[in-house]
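structure-v9.pdb follows; it contains PDB, C-alpha atoms and all ligand atoms.
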```pdb
ATOM      1  CA  MET C 256      87.711 -66.702  79.034  1.00  0.00           C
ATOM      2  CA  ALA C 257      88.581 -63.027  79.528  1.00  0.00           C
ATOM      3  CA  ASN C 258      85.014 -61.751  79.929  1.00  0.00           C
ATOM      4  CA  GLY C 259      83.321 -61.286  83.267  1.00  0.00           C
ATOM      5  CA  LEU C 260      84.779 -61.214  86.742  1.00  0.00           C
ATOM      6  CA  HIS C 261      87.495 -63.705  87.689  1.00  0.00           C
ATOM      7  CA  LEU C 262      88.609 -64.394  91.242  1.00  0.00           C
ATOM      8  CA  ASP C 263      91.729 -66.477  90.663  1.00  0.00           C
ATOM      9  CA  GLN C 264      92.931 -68.330  93.737  1.00  0.00           C
ATOM     10  CA  VAL C 265      91.971 -65.411  95.932  1.00  0.00           C
ATOM     11  CA  ARG C 266      92.953 -65.779  99.588  1.00  0.00           C
ATOM     12  CA  ILE C 267      92.359 -63.172 102.233  1.00  0.00           C
ATOM     13  CA  LEU C 268      94.430 -63.263 105.403  1.00  0.00           C
ATOM     14  CA  LYS C 269      93.447 -61.412 108.568  1.00  0.00           C
ATOM     15  CA  ASP C 270      96.351 -60.501 110.839  1.00  0.00           C
ATOM     16  CA  GLY C 271      98.364 -63.130 108.959  1.00  0.00           C
ATOM     17  CA  ALA C 272      95.839 -65.976 109.426  1.00  0.00           C
ATOM     18  CA  PRO C 273      93.764 -67.373 106.509  1.00  0.00           C
ATOM     19  CA  LEU C 274      90.214 -65.995 106.503  1.00  0.00           C
ATOM     20  CA  ILE C 275      88.732 -67.041 103.151  1.00  0.00           C
ATOM     21  CA  GLU C 276      89.710 -68.739  99.926  1.00  0.00           C
ATOM     22  CA  ILE C 277      87.752 -68.508  96.698  1.00  0.00           C
ATOM     23  CA  ASP C 278      88.452 -69.396  93.088  1.00  0.00           C
ATOM     24  CA  THR C 279      85.580 -68.613  90.746  1.00  0.00           C
ATOM     25  CA  HIS C 280      84.328 -66.825  87.659  1.00  0.00           C
ATOM     26  CA  VAL C 281      81.176 -64.757  87.190  1.00  0.00           C
ATOM     27  CA  ALA C 282      80.051 -64.559  83.561  1.00  0.00           C
ATOM     28  CA  PRO C 283      78.602 -61.332  82.105  1.00  0.00           C
ATOM     29  CA  GLY C 284      74.885 -61.089  82.947  1.00  0.00           C
ATOM     30  CA  SER C 285      74.978 -63.817  85.588  1.00  0.00           C
ATOM     31  CA  VAL C 286      74.826 -63.678  89.374  1.00  0.00           C
ATOM     32  CA  LEU C 287      77.122 -65.497  91.788  1.00  0.00           C
ATOM     33  CA  THR C 288      75.694 -65.626  95.304  1.00  0.00           C
ATOM     34  CA  ILE C 289      77.987 -65.755  98.309  1.00  0.00           C
ATOM     35  CA  MET C 290      76.546 -67.044 101.560  1.00  0.00           C
ATOM     36  CA  GLY C 291      78.050 -68.010 104.904  1.00  0.00           C
ATOM     37  CA  PRO C 292      77.937 -67.270 108.606  1.00  0.00           C
ATOM     38  CA  SER C 293      78.398 -63.820 110.069  1.00  0.00           C
ATOM     39  CA  GLY C 294      82.043 -62.778 110.333  1.00  0.00           C
ATOM     40  CA  VAL C 295      83.322 -65.287 107.778  1.00  0.00           C
ATOM     41  CA  GLY C 296      84.620 -62.514 105.519  1.00  0.00           C
ATOM     42  CA  LYS C 297      81.929 -61.913 102.887  1.00  0.00           C
ATOM     43  CA  SER C 298      81.997 -58.101 103.095  1.00  0.00           C
ATOM     44  CA  THR C 299      85.779 -58.177 103.331  1.00  0.00           C
ATOM     45  CA  LEU C 300      85.899 -60.023 100.001  1.00  0.00           C
ATOM     46  CA  LEU C 301      83.784 -57.293  98.387  1.00  0.00           C
ATOM     47  CA  SER C 302      86.016 -54.566  99.843  1.00  0.00           C
ATOM     48  CA  ALA C 303      89.036 -56.373  98.384  1.00  0.00           C
ATOM     49  CA  ILE C 304      87.420 -56.292  94.941  1.00  0.00           C
ATOM     50  CA  ILE C 305      86.523 -52.592  95.093  1.00  0.00           C
ATOM     51  CA  GLY C 306      89.947 -51.734  96.509  1.00  0.00           C
ATOM     52  CA  THR C 307      89.110 -50.683 100.066  1.00  0.00           C
ATOM     53  CA  LEU C 308      90.536 -53.612 102.023  1.00  0.00           C
ATOM     54  CA  PRO C 309      91.309 -52.456 105.604  1.00  0.00           C
ATOM     55  CA  PRO C 310      94.951 -52.679 106.706  1.00  0.00           C
ATOM     56  CA  ALA C 311      94.381 -55.722 108.969  1.00  0.00           C
ATOM     57  CA  PHE C 312      93.874 -57.841 105.836  1.00  0.00           C
ATOM     58  CA  GLU C 313      96.146 -59.133 103.093  1.00  0.00           C
ATOM     59  CA  LEU C 314      94.943 -60.253  99.683  1.00  0.00           C
ATOM     60  CA  GLN C 315      96.657 -62.965  97.641  1.00  0.00           C
ATOM     61  CA  GLY C 316      95.747 -64.149  94.148  1.00  0.00           C
ATOM     62  CA  HIS C 317      94.298 -62.195  91.245  1.00  0.00           C
ATOM     63  CA  VAL C 318      91.067 -60.354  90.511  1.00  0.00           C
ATOM     64  CA  ARG C 319      90.411 -59.716  86.826  1.00  0.00           C
ATOM     65  CA  LEU C 320      87.509 -57.850  85.272  1.00  0.00           C
ATOM     66  CA  GLU C 321      87.027 -57.818  81.506  1.00  0.00           C
ATOM     67  CA  GLY C 322      90.587 -59.069  81.205  1.00  0.00           C
ATOM     68  CA  ARG C 323      92.101 -56.284  83.353  1.00  0.00           C
ATOM     69  CA  ASP C 324      94.009 -57.031  86.525  1.00  0.00           C
ATOM     70  CA  LEU C 325      92.170 -54.947  89.147  1.00  0.00           C
ATOM     71  CA  LEU C 326      94.511 -55.218  92.107  1.00  0.00           C
ATOM     72  CA  PRO C 327      97.123 -52.670  91.001  1.00  0.00           C
ATOM     73  CA  LEU C 328      94.390 -50.099  90.258  1.00  0.00           C
ATOM     74  CA  PRO C 329      93.053 -47.499  92.701  1.00  0.00           C
ATOM     75  CA  PRO C 330      89.335 -47.950  93.588  1.00  0.00           C
ATOM     76  CA  GLU C 331      88.177 -45.160  91.256  1.00  0.00           C
ATOM     77  CA  ASP C 332      89.748 -46.880  88.228  1.00  0.00           C
ATOM     78  CA  ARG C 333      88.328 -50.348  88.869  1.00  0.00           C
ATOM     79  CA  CYS C 334      84.880 -49.686  87.303  1.00  0.00           C
ATOM     80  CA  VAL C 335      83.106 -51.789  89.933  1.00  0.00           C
ATOM     81  CA  GLY C 336      79.732 -50.639  91.296  1.00  0.00           C
ATOM     82  CA  ILE C 337      78.512 -51.617  94.750  1.00  0.00           C
ATOM     83  CA  LEU C 338      75.176 -51.398  96.544  1.00  0.00           C
ATOM     84  CA  PHE C 339      74.847 -51.765 100.309  1.00  0.00           C
ATOM     85  CA  GLN C 340      71.943 -52.424 102.654  1.00  0.00           C
ATOM     86  CA  ASP C 341      71.439 -48.704 103.236  1.00  0.00           C
ATOM     87  CA  ALA C 342      70.968 -46.800 100.031  1.00  0.00           C
ATOM     88  CA  LEU C 343      73.337 -44.144 101.428  1.00  0.00           C
ATOM     89  CA  LEU C 344      72.160 -41.189  99.378  1.00  0.00           C
ATOM     90  CA  PHE C 345      73.783 -37.884 100.275  1.00  0.00           C
ATOM     91  CA  PRO C 346      71.079 -36.299 102.480  1.00  0.00           C
ATOM     92  CA  HIS C 347      72.065 -32.687 101.744  1.00  0.00           C
ATOM     93  CA  LEU C 348      71.805 -33.148  97.954  1.00  0.00           C
ATOM     94  CA  SER C 349      68.692 -33.456  95.804  1.00  0.00           C
ATOM     95  CA  VAL C 350      67.896 -36.751  94.084  1.00  0.00           C
ATOM     96  CA  GLY C 351      69.210 -35.285  90.809  1.00  0.00           C
ATOM     97  CA  ALA C 352      72.461 -34.128  92.441  1.00  0.00           C
ATOM     98  CA  ASN C 353      72.881 -37.575  93.961  1.00  0.00           C
ATOM     99  CA  LEU C 354      72.557 -39.073  90.495  1.00  0.00           C
ATOM    100  CA  ALA C 355      74.979 -36.502  89.049  1.00  0.00           C
ATOM    101  CA  PHE C 356      77.549 -37.914  91.449  1.00  0.00           C
ATOM    102  CA  GLY C 357      77.350 -41.232  89.641  1.00  0.00           C
ATOM    103  CA  LEU C 358      77.596 -39.744  86.150  1.00  0.00           C
ATOM    104  CA  THR C 359      80.753 -40.351  84.188  1.00  0.00           C
ATOM    105  CA  LYS C 360      82.538 -37.135  83.243  1.00  0.00           C
ATOM    106  CA  GLY C 361      81.839 -35.085  80.131  1.00  0.00           C
ATOM    107  CA  GLY C 362      78.840 -33.681  78.308  1.00  0.00           C
ATOM    108  CA  THR C 363      77.013 -30.381  78.538  1.00  0.00           C
ATOM    109  CA  ARG C 364      74.818 -29.445  81.461  1.00  0.00           C
ATOM    110  CA  ALA C 365      71.725 -30.203  79.374  1.00  0.00           C
ATOM    111  CA  GLU C 366      73.088 -33.599  78.332  1.00  0.00           C
ATOM    112  CA  ARG C 367      73.870 -34.495  81.931  1.00  0.00           C
ATOM    113  CA  ARG C 368      70.416 -33.437  83.028  1.00  0.00           C
ATOM    114  CA  ALA C 369      68.877 -35.547  80.232  1.00  0.00           C
ATOM    115  CA  LYS C 370      70.825 -38.617  81.407  1.00  0.00           C
ATOM    116  CA  ILE C 371      69.570 -38.074  84.942  1.00  0.00           C
ATOM    117  CA  ASP C 372      65.972 -37.668  83.789  1.00  0.00           C
ATOM    118  CA  THR C 373      66.231 -40.813  81.639  1.00  0.00           C
ATOM    119  CA  ALA C 374      67.685 -42.781  84.557  1.00  0.00           C
ATOM    120  CA  LEU C 375      64.835 -41.669  86.830  1.00  0.00           C
ATOM    121  CA  ALA C 376      62.250 -42.578  84.190  1.00  0.00           C
ATOM    122  CA  GLU C 377      63.821 -46.030  83.811  1.00  0.00           C
ATOM    123  CA  VAL C 378      62.900 -46.799  87.410  1.00  0.00           C
ATOM    124  CA  GLY C 379      59.514 -45.066  87.448  1.00  0.00           C
ATOM    125  CA  LEU C 380      60.684 -41.908  89.240  1.00  0.00           C
ATOM    126  CA  GLU C 381      59.928 -39.267  86.607  1.00  0.00           C
ATOM    127  CA  GLY C 382      60.004 -35.759  88.081  1.00  0.00           C
ATOM    128  CA  PHE C 383      61.921 -36.759  91.212  1.00  0.00           C
ATOM    129  CA  ALA C 384      65.161 -34.910  90.357  1.00  0.00           C
ATOM    130  CA  ASP C 385      64.522 -31.960  92.651  1.00  0.00           C
ATOM    131  CA  ARG C 386      63.245 -34.014  95.569  1.00  0.00           C
ATOM    132  CA  ASP C 387      65.067 -34.265  98.860  1.00  0.00           C
ATOM    133  CA  PRO C 388      66.142 -37.913  99.538  1.00  0.00           C
ATOM    134  CA  GLU C 389      64.520 -37.721 102.979  1.00  0.00           C
ATOM    135  CA  THR C 390      61.120 -37.419 101.329  1.00  0.00           C
ATOM    136  CA  LEU C 391      61.541 -40.757  99.470  1.00  0.00           C
ATOM    137  CA  SER C 392      60.363 -44.176 100.584  1.00  0.00           C
ATOM    138  CA  GLY C 393      62.902 -46.940 101.165  1.00  0.00           C
ATOM    139  CA  GLY C 394      62.096 -48.536  97.807  1.00  0.00           C
ATOM    140  CA  GLN C 395      62.439 -45.209  95.991  1.00  0.00           C
ATOM    141  CA  ARG C 396      65.783 -44.568  97.657  1.00  0.00           C
ATOM    142  CA  ALA C 397      66.951 -48.045  96.640  1.00  0.00           C
ATOM    143  CA  ARG C 398      66.010 -47.290  93.034  1.00  0.00           C
ATOM    144  CA  VAL C 399      67.893 -43.973  93.067  1.00  0.00           C
ATOM    145  CA  ALA C 400      70.945 -45.731  94.532  1.00  0.00           C
ATOM    146  CA  LEU C 401      70.753 -48.354  91.778  1.00  0.00           C
ATOM    147  CA  MET C 402      70.656 -45.733  89.024  1.00  0.00           C
ATOM    148  CA  ARG C 403      73.427 -43.647  90.623  1.00  0.00           C
ATOM    149  CA  MET C 404      75.600 -46.722  90.569  1.00  0.00           C
ATOM    150  CA  LEU C 405      74.665 -47.641  86.984  1.00  0.00           C
ATOM    151  CA  LEU C 406      75.310 -44.081  85.722  1.00  0.00           C
ATOM    152  CA  SER C 407      78.954 -44.589  86.646  1.00  0.00           C
ATOM    153  CA  ALA C 408      79.027 -47.238  83.857  1.00  0.00           C
ATOM    154  CA  PRO C 409      80.497 -50.055  85.951  1.00  0.00           C
ATOM    155  CA  ASN C 410      81.817 -53.278  84.423  1.00  0.00           C
ATOM    156  CA  ALA C 411      80.653 -55.368  87.393  1.00  0.00           C
ATOM    157  CA  LEU C 412      78.142 -55.059  90.184  1.00  0.00           C
ATOM    158  CA  LEU C 413      78.646 -56.087  93.806  1.00  0.00           C
ATOM    159  CA  LEU C 414      75.694 -56.385  96.166  1.00  0.00           C
ATOM    160  CA  ASP C 415      76.215 -56.472  99.935  1.00  0.00           C
ATOM    161  CA  GLU C 416      72.854 -57.432 101.468  1.00  0.00           C
ATOM    162  CA  PRO C 417      71.245 -54.630  99.446  1.00  0.00           C
ATOM    163  CA  PHE C 418      67.654 -55.784  99.917  1.00  0.00           C
ATOM    164  CA  SER C 419      67.625 -56.616 103.600  1.00  0.00           C
ATOM    165  CA  GLY C 420      66.262 -53.247 104.762  1.00  0.00           C
ATOM    166  CA  LEU C 421      63.153 -53.630 102.589  1.00  0.00           C
ATOM    167  CA  ASP C 422      59.917 -55.409 103.458  1.00  0.00           C
ATOM    168  CA  ALA C 423      59.137 -58.695 101.710  1.00  0.00           C
ATOM    169  CA  GLU C 424      57.120 -57.385  98.757  1.00  0.00           C
ATOM    170  CA  LEU C 425      59.387 -54.437  98.052  1.00  0.00           C
ATOM    171  CA  ARG C 426      62.402 -56.655  98.479  1.00  0.00           C
ATOM    172  CA  GLY C 427      61.285 -58.859  95.612  1.00  0.00           C
ATOM    173  CA  GLN C 428      60.525 -55.869  93.388  1.00  0.00           C
ATOM    174  CA  VAL C 429      63.833 -54.094  93.972  1.00  0.00           C
ATOM    175  CA  ARG C 430      65.735 -57.360  93.616  1.00  0.00           C
ATOM    176  CA  ASP C 431      64.087 -58.076  90.249  1.00  0.00           C
ATOM    177  CA  LEU C 432      64.839 -54.533  89.122  1.00  0.00           C
ATOM    178  CA  VAL C 433      68.523 -54.808  90.045  1.00  0.00           C
ATOM    179  CA  PHE C 434      68.898 -58.189  88.317  1.00  0.00           C
ATOM    180  CA  ARG C 435      67.026 -56.951  85.242  1.00  0.00           C
ATOM    181  CA  HIS C 436      69.269 -53.892  84.842  1.00  0.00           C
ATOM    182  CA  ALA C 437      72.403 -55.954  85.463  1.00  0.00           C
ATOM    183  CA  ARG C 438      71.343 -58.503  82.858  1.00  0.00           C
ATOM    184  CA  ALA C 439      70.429 -55.805  80.320  1.00  0.00           C
ATOM    185  CA  ARG C 440      73.940 -54.383  80.663  1.00  0.00           C
ATOM    186  CA  ALA C 441      75.557 -57.850  80.711  1.00  0.00           C
ATOM    187  CA  LEU C 442      77.209 -57.107  84.058  1.00  0.00           C
ATOM    188  CA  PRO C 443      78.663 -59.887  86.174  1.00  0.00           C
ATOM    189  CA  VAL C 444      77.059 -59.662  89.639  1.00  0.00           C
ATOM    190  CA  LEU C 445      78.497 -60.863  92.954  1.00  0.00           C
ATOM    191  CA  MET C 446      75.829 -60.881  95.651  1.00  0.00           C
ATOM    192  CA  VAL C 447      76.380 -61.392  99.373  1.00  0.00           C
ATOM    193  CA  THR C 448      73.215 -62.409 101.191  1.00  0.00           C
ATOM    194  CA  HIS C 449      71.906 -64.370 104.165  1.00  0.00           C
ATOM    195  CA  ASP C 450      68.575 -64.852 102.424  1.00  0.00           C
ATOM    196  CA  GLN C 451      67.866 -68.061 100.525  1.00  0.00           C
ATOM    197  CA  GLU C 452      65.111 -66.298  98.547  1.00  0.00           C
ATOM    198  CA  ASP C 453      67.686 -63.829  97.201  1.00  0.00           C
ATOM    199  CA  ALA C 454      69.849 -66.767  96.141  1.00  0.00           C
ATOM    200  CA  ASP C 455      66.895 -68.554  94.516  1.00  0.00           C
ATOM    201  CA  ALA C 456      65.828 -65.387  92.678  1.00  0.00           C
ATOM    202  CA  ALA C 457      69.357 -64.893  91.366  1.00  0.00           C
ATOM    203  CA  GLY C 458      69.222 -68.362  89.860  1.00  0.00           C
ATOM    204  CA  GLY C 459      72.993 -68.665  89.532  1.00  0.00           C
ATOM    205  CA  GLU C 460      75.766 -70.473  91.320  1.00  0.00           C
ATOM    206  CA  VAL C 461      75.967 -70.264  95.119  1.00  0.00           C
ATOM    207  CA  VAL C 462      79.293 -70.309  96.959  1.00  0.00           C
ATOM    208  CA  ARG C 463      79.196 -70.992 100.702  1.00  0.00           C
ATOM    209  CA  LEU C 464      82.098 -69.628 102.715  1.00  0.00           C
ATOM    210  CA  GLY C 465      83.045 -70.947 106.151  1.00  0.00           C
TER
HETATM  211  N1  LIG I   1      88.285 -52.936 109.409  1.00  0.00           N
HETATM  212  C1  LIG I   1      88.489 -54.121 110.003  1.00  0.00           C
HETATM  213  N2  LIG I   1      89.654 -54.347 110.672  1.00  0.00           N
HETATM  214  C2  LIG I   1      89.859 -55.537 111.285  1.00  0.00           C
HETATM  215  N3  LIG I   1      88.991 -56.563 111.292  1.00  0.00           N
HETATM  216  C3  LIG I   1      87.829 -56.383 110.630  1.00  0.00           C
HETATM  217  C4  LIG I   1      87.522 -55.175 109.955  1.00  0.00           C
HETATM  218  N4  LIG I   1      86.295 -55.300 109.400  1.00  0.00           N
HETATM  219  C5  LIG I   1      85.843 -56.531 109.714  1.00  0.00           C
HETATM  220  N5  LIG I   1      86.758 -57.192 110.458  1.00  0.00           N
HETATM  221  C6  LIG I   1      86.678 -58.581 110.934  1.00  0.00           C
HETATM  222  O1  LIG I   1      86.931 -59.444 109.830  1.00  0.00           O
HETATM  223  C7  LIG I   1      86.080 -60.587 109.851  1.00  0.00           C
HETATM  224  C8  LIG I   1      85.239 -60.649 108.602  1.00  0.00           C
HETATM  225  O2  LIG I   1      84.300 -59.570 108.603  1.00  0.00           O
HETATM  226  P1  LIG I   1      83.215 -59.360 107.448  1.00  0.00           P
HETATM  227  O3  LIG I   1      82.489 -58.096 107.740  1.00  0.00           O
HETATM  228  O4  LIG I   1      83.885 -59.500 106.137  1.00  0.00           O
HETATM  229  O5  LIG I   1      82.268 -60.619 107.683  1.00  0.00           O
HETATM  230  P2  LIG I   1      80.871 -60.975 106.966  1.00  0.00           P
HETATM  231  O6  LIG I   1      80.980 -62.393 106.547  1.00  0.00           O
HETATM  232  O7  LIG I   1      80.570 -59.965 105.905  1.00  0.00           O
HETATM  233  O8  LIG I   1      79.876 -60.832 108.195  1.00  0.00           O
HETATM  234  P3  LIG I   1      78.306 -60.393 108.241  1.00  0.00           P
HETATM  235  O9  LIG I   1      77.556 -61.519 107.591  1.00  0.00           O
HETATM  236  O10 LIG I   1      78.030 -60.298 109.696  1.00  0.00           O
HETATM  237  O11 LIG I   1      78.195 -59.087 107.522  1.00  0.00           O
HETATM  238  C9  LIG I   1      85.275 -60.473 111.144  1.00  0.00           C
HETATM  239  O12 LIG I   1      85.953 -61.224 112.131  1.00  0.00           O
HETATM  240  C10 LIG I   1      85.307 -58.995 111.447  1.00  0.00           C
HETATM  241  O13 LIG I   1      85.188 -58.771 112.823  1.00  0.00           O
END
```
Could I get this structure in the form of structure tokens?
Amino acid sequence: MANGLHLDQVRILKDGAPLIEIDTHVAPGSVLTIMGPSGVGKSTLLSAIIGTLPPAFELQGHVRLEGRDLLPLPPEDRCVGILFQDALLFPHLSVGANLAFGLTKGGTRAERRAKIDTALAEVGLEGFADRDPETLSGGQRARVALMRMLLSAPNALLLDEPFSGLDAELRGQVRDLVFRHARARALPVLMVTHDQEDADAAGGEVVRLG
């Protein structure tokens, strides 16, 4: 099946020694959870998929997304979105300017502004475009980061412990929001987490490394 995200006999070596091996497929709209002890190579696997593998590592095998072989492509052409634990908004830019960073190219200024306003409304942040990120709560920042990533029209979504900085109630809300948007766009999702509740909420397959 060409659709979704395929990790075909992927092996990552660190300084020449095997670190991880994984062979799996994530269907559009479903979540694959990756768990395992600290240092086993979970974040390294995500960096291999987005194309930012540090030089100490070597990747073998194939990564295919929507039928395209990702490995020969530079990171900006891979169409893979990623969310980290820290929302990492640019602090010197307004919320709207942060979102503009995610926007795919093209369109008039008014059209771009309309897309930003629609994205904010989709996550209950109407009127936040001119706000400074520092004035947002953690949950609001997480929502802006989600929409910035989705505005780049990714074909897959990677999550690296993206909910762990949030308190329990907010964690559940943001997690549901991320899964809902991913499902609505039929994106395959690869989630790295230490939290069994995240895995349970995802409801998909769980791969344990190490
Ligand atoms: N840039 C790098 N250069 C060399 N080694 C690295 C680099 N980044 C991480 N490592 C090492 O590679 C191994 C895998 O790290 P990685 O961050 O992928 O683990 P992880 O499973 O995500 O851990 P955690 O659950 O603690 O986030 C570790 O031994 C780590 O020290």
Convert the output of the PyMOL selection byres (((chain C and resi 387) around 8) and not hetatm) on the shown file into explicit residues, formatted as JSON, numbers by chain. {"C": [346, 347, 348, 349, 350, 385, 386, 388, 389, 390, 391]}
Would you mind exporting the chosen residues as a compact mmCIF listing (two decimals), in the coordinates of the input, restricted to C-alpha atoms?
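Produced file result-v7.txt, reproduced below:
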```
# COMPACT_ATOMS: atom_id res chain seq x y z
CA PRO C 346 71.08 -36.30 102.48
CA HIS C 347 72.06 -32.69 101.74
CA LEU C 348 71.81 -33.15 97.95
CA SER C 349 68.69 -33.46 95.80
CA VAL C 350 67.90 -36.75 94.08
CA ASP C 385 64.52 -31.96 92.65
CA ARG C 386 63.24 -34.01 95.57
CA PRO C 388 66.14 -37.91 99.54
CA GLU C 389 64.52 -37.72 102.98
CA THR C 390 61.12 -37.42 101.33
CA LEU C 391 61.54 -40.76 99.47
```
So which residues get picked by the PyMOL selection byres (((not hetatm)) within 6 of (chain I and resi 1)) here, written as an MDAnalysis selection string? chainID C and resid 292:299 309 311
Near-Arg438 (chain C) list (8 Å; all atoms listed in the file; drop same-chain fewer than 2 positions) as a list in words: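 Result of the neighbour search: Pro283, Gly284, Ser285, Phe434, Arg435, His436, Arg440, Ala441 and Leu442 of chain C.
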Suppose a student applies the PyMOL selection byres (((chain C and resi 265-282) around 9) and not hetatm) to this structure; what residues should they get, written as a ChimeraX atom specification? /C:258-264,283-287,295-297,299-300,303,310-318,441-445,460,462,464-465
Okay, now the selection with C-alpha atoms, as a PDB file, in the frame of the given file?
```
ATOM      1  CA  ASN C 258      85.014 -61.751  79.929  1.00  0.00           C
ATOM      2  CA  GLY C 259      83.321 -61.286  83.267  1.00  0.00           C
ATOM      3  CA  LEU C 260      84.779 -61.214  86.742  1.00  0.00           C
ATOM      4  CA  HIS C 261      87.495 -63.705  87.689  1.00  0.00           C
ATOM      5  CA  LEU C 262      88.609 -64.394  91.242  1.00  0.00           C
ATOM      6  CA  ASP C 263      91.729 -66.477  90.663  1.00  0.00           C
ATOM      7  CA  GLN C 264      92.931 -68.330  93.737  1.00  0.00           C
ATOM      8  CA  PRO C 283      78.602 -61.332  82.105  1.00  0.00           C
ATOM      9  CA  GLY C 284      74.885 -61.089  82.947  1.00  0.00           C
ATOM     10  CA  SER C 285      74.978 -63.817  85.588  1.00  0.00           C
ATOM     11  CA  VAL C 286      74.826 -63.678  89.374  1.00  0.00           C
ATOM     12  CA  LEU C 287      77.122 -65.497  91.788  1.00  0.00           C
ATOM     13  CA  VAL C 295      83.322 -65.287 107.778  1.00  0.00           C
ATOM     14  CA  GLY C 296      84.620 -62.514 105.519  1.00  0.00           C
ATOM     15  CA  LYS C 297      81.929 -61.913 102.887  1.00  0.00           C
ATOM     16  CA  THR C 299      85.779 -58.177 103.331  1.00  0.00           C
ATOM     17  CA  LEU C 300      85.899 -60.023 100.001  1.00  0.00           C
ATOM     18  CA  ALA C 303      89.036 -56.373  98.384  1.00  0.00           C
ATOM     19  CA  PRO C 310      94.951 -52.679 106.706  1.00  0.00           C
ATOM     20  CA  ALA C 311      94.381 -55.722 108.969  1.00  0.00           C
ATOM     21  CA  PHE C 312      93.874 -57.841 105.836  1.00  0.00           C
ATOM     22  CA  GLU C 313      96.146 -59.133 103.093  1.00  0.00           C
ATOM     23  CA  LEU C 314      94.943 -60.253  99.683  1.00  0.00           C
ATOM     24  CA  GLN C 315      96.657 -62.965  97.641  1.00  0.00           C
ATOM     25  CA  GLY C 316      95.747 -64.149  94.148  1.00  0.00           C
ATOM     26  CA  HIS C 317      94.298 -62.195  91.245  1.00  0.00           C
ATOM     27  CA  VAL C 318      91.067 -60.354  90.511  1.00  0.00           C
ATOM     28  CA  ALA C 441      75.557 -57.850  80.711  1.00  0.00           C
ATOM     29  CA  LEU C 442      77.209 -57.107  84.058  1.00  0.00           C
ATOM     30  CA  PRO C 443      78.663 -59.887  86.174  1.00  0.00           C
ATOM     31  CA  VAL C 444      77.059 -59.662  89.639  1.00  0.00           C
ATOM     32  CA  LEU C 445      78.497 -60.863  92.954  1.00  0.00           C
ATOM     33  CA  GLU C 460      75.766 -70.473  91.320  1.00  0.00           C
ATOM     34  CA  VAL C 462      79.293 -70.309  96.959  1.00  0.00           C
ATOM     35  CA  LEU C 464      82.098 -69.628 102.715  1.00  0.00           C
ATOM     36  CA  GLY C 465      83.045 -70.947 106.151  1.00  0.00           C
TER      37      GLY C 465
END
```
Could I get the residues of region 319-370 of chain C with an atom no further than 6 Å from an atom of region 399-413 of chain C, each paired with its nearest atom pair and that distance in Å to one decimal, using only C-alpha atoms, sorted by chain and residue number, as a tab-separated table?
```
residue	atom	partner	partner_atom	distance
C:Cys334	CA	C:Pro409	CA	4.6
C:Val335	CA	C:Ala411	CA	5.0
C:Gly336	CA	C:Leu412	CA	4.8
C:Ile337	CA	C:Leu413	CA	4.6
C:Ala342	CA	C:Ala400	CA	5.6
C:Leu354	CA	C:Arg403	CA	4.7
C:Gly357	CA	C:Arg403	CA	4.7
C:Leu358	CA	C:Leu406	CA	4.9
C:Thr359	CA	C:Ser407	CA	5.2
```
Keeping C-alpha atoms for every residue in the selection just given, could you write it to a file as a PDB file, keeping the file's coordinate frame?
```pdb
ATOM      1  CA  CYS C 334      84.880 -49.686  87.303  1.00  0.00           C
ATOM      2  CA  VAL C 335      83.106 -51.789  89.933  1.00  0.00           C
ATOM      3  CA  GLY C 336      79.732 -50.639  91.296  1.00  0.00           C
ATOM      4  CA  ILE C 337      78.512 -51.617  94.750  1.00  0.00           C
ATOM      5  CA  ALA C 342      70.968 -46.800 100.031  1.00  0.00           C
ATOM      6  CA  LEU C 354      72.557 -39.073  90.495  1.00  0.00           C
ATOM      7  CA  GLY C 357      77.350 -41.232  89.641  1.00  0.00           C
ATOM      8  CA  LEU C 358      77.596 -39.744  86.150  1.00  0.00           C
ATOM      9  CA  THR C 359      80.753 -40.351  84.188  1.00  0.00           C
TER      10      THR C 359
END
```
Gly420 (chain C) environment, 10 Å, only C-alpha atoms, sequence neighbours closer than 2 positions dropped, as a PyMOL selection string: chain C and resi 339-342+393-394+397+416-418+422-423+425-426
Rank C:Leu344, C:Val461, C:Ala355, C:Leu338 by their smallest atom-to-atom distance to Leu414 (chain C), using all atoms listed in the file, and report the top residue only.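 Checking each of C:Leu344, C:Val461, C:Ala355, C:Leu338 against Leu414 (chain C), counting all atoms listed in the file, the winner is C:Leu338.
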Quote the spacing between CA of Ala374 (chain C) and CA of Ala454 (chain C) in Å to one decimal place.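 Computing it gives 26.7 Å between the two atoms.
Note that CA of Arg368 (chain C) and CA of Ala384 (chain C) are 9.1 Å apart.
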Which distance in Å separates CA of Val429 (chain C) and CA of Ile289 (chain C), to one decimal?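 Calculated distance between CA of Val429 (chain C) and CA of Ile289 (chain C) is 18.8 Å.
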Find the axis-aligned box for region 455-464 of chain C, covering all its listed atoms and adding 4 Å on each side, and write its centre and edge lengths in Å to one decimal as lines of an AutoDock Vina configuration file.
```
center_x = 74.0
center_y = -67.9
center_z = 96.1
size_x = 24.3
size_y = 14.1
size_z = 21.2
```
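Of the listed residues C:Asp431, C:Asp332, C:Asp415, C:Glu424, the one whose atoms come nearest to Val447 (chain C) is C:Asp415, with distances taken using all atoms listed in the file.
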Using only C-alpha atoms, can you tell me which of C:Thr307, C:Ser302, C:Ser419, C:Thr288 comes closest to Pro329 (chain C)?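 Among the listed residues, the smallest separation from Pro329 (chain C) belongs to C:Thr307.
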Shortest interatomic distance to Leu343 (chain C) - which of C:Glu331, C:Arg396, C:Lys370, C:Thr448, counting only C-alpha atoms: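 Closest residue, counting only C-alpha atoms: C:Arg396.
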